[in-house]
Amino acid sequence: MKLATWNINSLTVRLPQVLDWLKANPVDVLALQELKLSDDMFPTEAFAEAGYHSQCFGQKTYNGVALLSRTPAADVVKNIPGFDDDMARVITGTFGEGESSLRVVGAYFPNGQEPGSDKFEYKMEWLKGLRAWLKKELVTHPRLVLMGDYNITFDDLDVWDPIGLQGSIHCTDEERYHLRALIALGMTDSLRLFGQPPQSFSWWDYRNMAFRRNRGLRIDHILVSNVLKDRVKSCAIDKAPRKNERPSDHAPVVITLD
DNA sequence: ATGGCCATCGCGGATGGA
């Protein structure tokens, strides 16, 4: 079983790249973030032709998430139950049957803009809402994967310039507290299971030739519930699509479970 | 030293991203 997450920064622009990537990487489930389109504009047919079922939770211009899968999703939930939100940020589905089924949460965490801003406060409230819901979801669905664009780094290993970016957005203690609190629910950071190769990032600014200089952040993560921990066979960031013409600023993260 | 990009909406330049 292969799963992946990718913030594609506009599905309208990046659809050909997603289709190319799926052809080269025929994962079982792909979570997409930042579709930036409404449900009626979602290219269901193009994905169907590529052999994928779609579950879309779109929004015009901003946000928007989807789950693509080889087999249809069951029990689909949009956004965080119990947390009122105007934005389309989370989509959840169950894949597979019975004992071996997997609950997959695809999420686009708020950016937060700047510590102290209204957007930062929203990010903190959203993180609390997510955790409260996940705590219950893990009881009913012990085999759970939470993947997406978290917009939070775990620690200095995830930051190209930890000193220069200390306390800035994605790197604050408050954000990291909430990320550790998700781990404390009984989840594991898949990439770190294998020891993180130095300078492993999933996002690079479009400016300053940041990708070429590997000036990035690791903010896209795949967390697995602890019952799945021993099933994780690999986890890696695929930098190849970042080398495309007109790339997304994020790279996909891929996990293999046996 | 600073900020240098990209997508959207919509036709200029603001807003948001990270």
# chains A, B, ... in the order shown; residues from 1 in each chain; ligands from 1
$ interface_residues --of "chain B" --to "chain A" --cutoff "10 Å" --atoms "only C-alpha atoms (C1' of nucleotides)" --output "PyMOL selection string"
chain B and resi 3-9+16-18
$ select_by_dssp --residues "stretch 123-221 of chain A" --states "strand (DSSP E or B)" --output "PDB file with C-alpha atoms, in the first residue's frame"
ATOM      1  CA  LEU A 144      -5.158   6.111  10.829  1.00  0.00           C
ATOM      2  CA  VAL A 145      -2.884   8.174   8.578  1.00  0.00           C
ATOM      3  CA  LEU A 146      -2.786  11.972   8.851  1.00  0.00           C
ATOM      4  CA  MET A 147      -1.003  13.507   5.904  1.00  0.00           C
ATOM      5  CA  GLY A 148      -0.808  16.874   4.244  1.00  0.00           C
ATOM      6  CA  ASP A 149       0.659  20.334   4.359  1.00  0.00           C
ATOM      7  CA  VAL A 159      14.665  24.277   8.658  1.00  0.00           C
ATOM      8  CA  MET A 187       1.139   8.984  16.258  1.00  0.00           C
ATOM      9  CA  THR A 188       4.545   8.801  14.606  1.00  0.00           C
ATOM     10  CA  ASP A 189       6.320  10.989  12.075  1.00  0.00           C
ATOM     11  CA  TRP A 203       8.879  23.147   0.412  1.00  0.00           C
ATOM     12  CA  TRP A 204      11.125  25.791  -1.146  1.00  0.00           C
ATOM     13  CA  GLY A 216      13.663  24.950   2.278  1.00  0.00           C
ATOM     14  CA  LEU A 217      11.474  23.718   5.080  1.00  0.00           C
ATOM     15  CA  ASP A 220       4.579  18.384   4.656  1.00  0.00           C
ATOM     16  CA  HIS A 221       4.279  15.352   6.895  1.00  0.00           C
TER      17      HIS A 221
END
$ closest_residue --among "A:Asp118, A:Ile183, A:Gln196, A:Pro241" --to "A:Leu19" --atoms "only C-alpha atoms"
A:Pro241
$ atom_distance --atom1 "atom CA of A:Ser54" --atom2 "atom CA of A:Asp75"
13.5 Å
$ atom_distance --atom1 "atom CA of A:Lys2" --atom2 "atom CA of A:Gly96"
12.6 Å
$ atom_distance --atom1 "atom CA of A:Leu37" --atom2 "atom CA of A:Arg14"
11.8 Å
$ select_by_dssp --residues "stretch 18-246 of chain A" --states "helix (DSSP H, G or I)" --output "VMD selection string"
chain A and resid 18 to 24 39 to 41 44 to 49 98 to 100 118 to 140 156 to 158 173 to 184 191 to 194 226 to 231 240 to 243
$ write_last_selection --atoms "C-alpha atoms" --output "short mmCIF file (atom, residue, chain, number, x, y, z; two decimals), in the first residue's frame"
data_model
loop_
_atom_site.label_atom_id
_atom_site.label_comp_id
_atom_site.auth_asym_id
_atom_site.auth_seq_id
_atom_site.Cartn_x
_atom_site.Cartn_y
_atom_site.Cartn_z
CA VAL A 18 -0.33 15.43 -11.20
CA LEU A 19 -1.34 13.06 -14.00
CA ASP A 20 2.30 12.61 -15.06
CA TRP A 21 3.34 11.98 -11.48
CA LEU A 22 0.60 9.39 -10.94
CA LYS A 23 1.66 7.59 -14.08
CA ALA A 24 5.23 7.36 -12.77
CA ASP A 39 -16.10 21.31 -6.79
CA ASP A 40 -17.76 21.96 -10.16
CA MET A 41 -14.34 22.65 -11.71
CA THR A 44 -13.07 14.01 -12.02
CA GLU A 45 -13.03 12.62 -15.57
CA ALA A 46 -9.30 13.13 -16.13
CA PHE A 47 -8.49 11.26 -12.93
CA ALA A 48 -11.00 8.51 -13.75
CA GLU A 49 -9.23 7.98 -17.08
CA GLY A 98 -12.41 -4.79 7.38
CA GLU A 99 -9.31 -5.42 9.50
CA SER A 100 -6.88 -4.04 6.96
CA ASP A 118 -5.50 37.05 13.48
CA LYS A 119 -4.51 34.33 11.03
CA PHE A 120 -2.09 32.93 13.59
CA GLU A 121 -4.84 32.83 16.22
CA TYR A 122 -7.06 31.00 13.73
CA LYS A 123 -4.25 28.51 13.14
CA MET A 124 -4.02 27.81 16.89
CA GLU A 125 -7.79 27.32 17.19
CA TRP A 126 -7.82 25.09 14.12
CA LEU A 127 -5.02 22.97 15.58
CA LYS A 128 -6.96 22.55 18.84
CA GLY A 129 -10.06 21.58 16.89
CA LEU A 130 -8.13 19.07 14.80
CA ARG A 131 -6.58 17.45 17.87
CA ALA A 132 -9.89 17.17 19.75
CA TRP A 133 -11.49 15.46 16.77
CA LEU A 134 -8.51 13.20 16.01
CA LYS A 135 -8.44 11.97 19.59
CA LYS A 136 -11.94 10.53 19.07
CA GLU A 137 -11.25 9.42 15.52
CA LEU A 138 -8.27 7.35 16.69
CA VAL A 139 -10.57 5.44 19.03
CA THR A 140 -13.03 4.50 16.29
CA ASP A 156 15.76 22.69 13.52
CA LEU A 157 16.31 19.62 11.33
CA ASP A 158 13.32 20.76 9.27
CA ASP A 173 7.18 27.21 19.84
CA GLU A 174 3.37 27.53 19.82
CA GLU A 175 3.01 25.80 16.47
CA ARG A 176 5.51 23.10 17.43
CA TYR A 177 3.68 22.50 20.69
CA HIS A 178 0.55 21.62 18.72
CA LEU A 179 2.49 19.38 16.36
CA ARG A 180 3.98 17.47 19.30
CA ALA A 181 0.51 17.25 20.81
CA LEU A 182 -0.62 15.36 17.69
CA ILE A 183 2.28 12.96 18.20
CA ALA A 184 1.23 12.62 21.86
CA LEU A 191 9.97 10.21 7.73
CA ARG A 192 11.87 10.30 11.02
CA LEU A 193 11.33 6.56 11.51
CA PHE A 194 14.21 6.08 9.14
CA ASN A 226 1.16 3.82 16.47
CA VAL A 227 -0.50 0.52 15.51
CA LEU A 228 0.73 1.19 11.96
CA LYS A 229 4.24 2.17 12.97
CA ASP A 230 5.81 -1.24 12.37
CA ARG A 231 4.08 -1.47 9.00
CA ALA A 240 11.61 15.36 -8.88
CA PRO A 241 8.39 17.36 -9.56
CA ARG A 242 9.99 20.48 -8.03
CA LYS A 243 12.35 20.40 -11.05
#
$ closest_residue --among "A:Ala107, A:Leu185, A:Leu11, A:Ala88" --to "A:Pro142" --atoms "only C-alpha atoms"
A:Leu185
$ residues_around --residues "A:Ser202" --least-positions-apart "3" --cutoff "6 Å" --atoms "only C-alpha atoms (C1' of nucleotides)" --output "NGL selection string"
:A and (218 or 220 or 250-251)
$ residues_around --residues "A:Val104" --least-positions-apart "5" --cutoff "12 Å" --atoms "only C-alpha atoms (C1' of nucleotides)" --output "PyMOL selection string"
chain A and resi 2-5+28-31+55+66-69+73-78+90-96+134+137-138+141-148+222-225
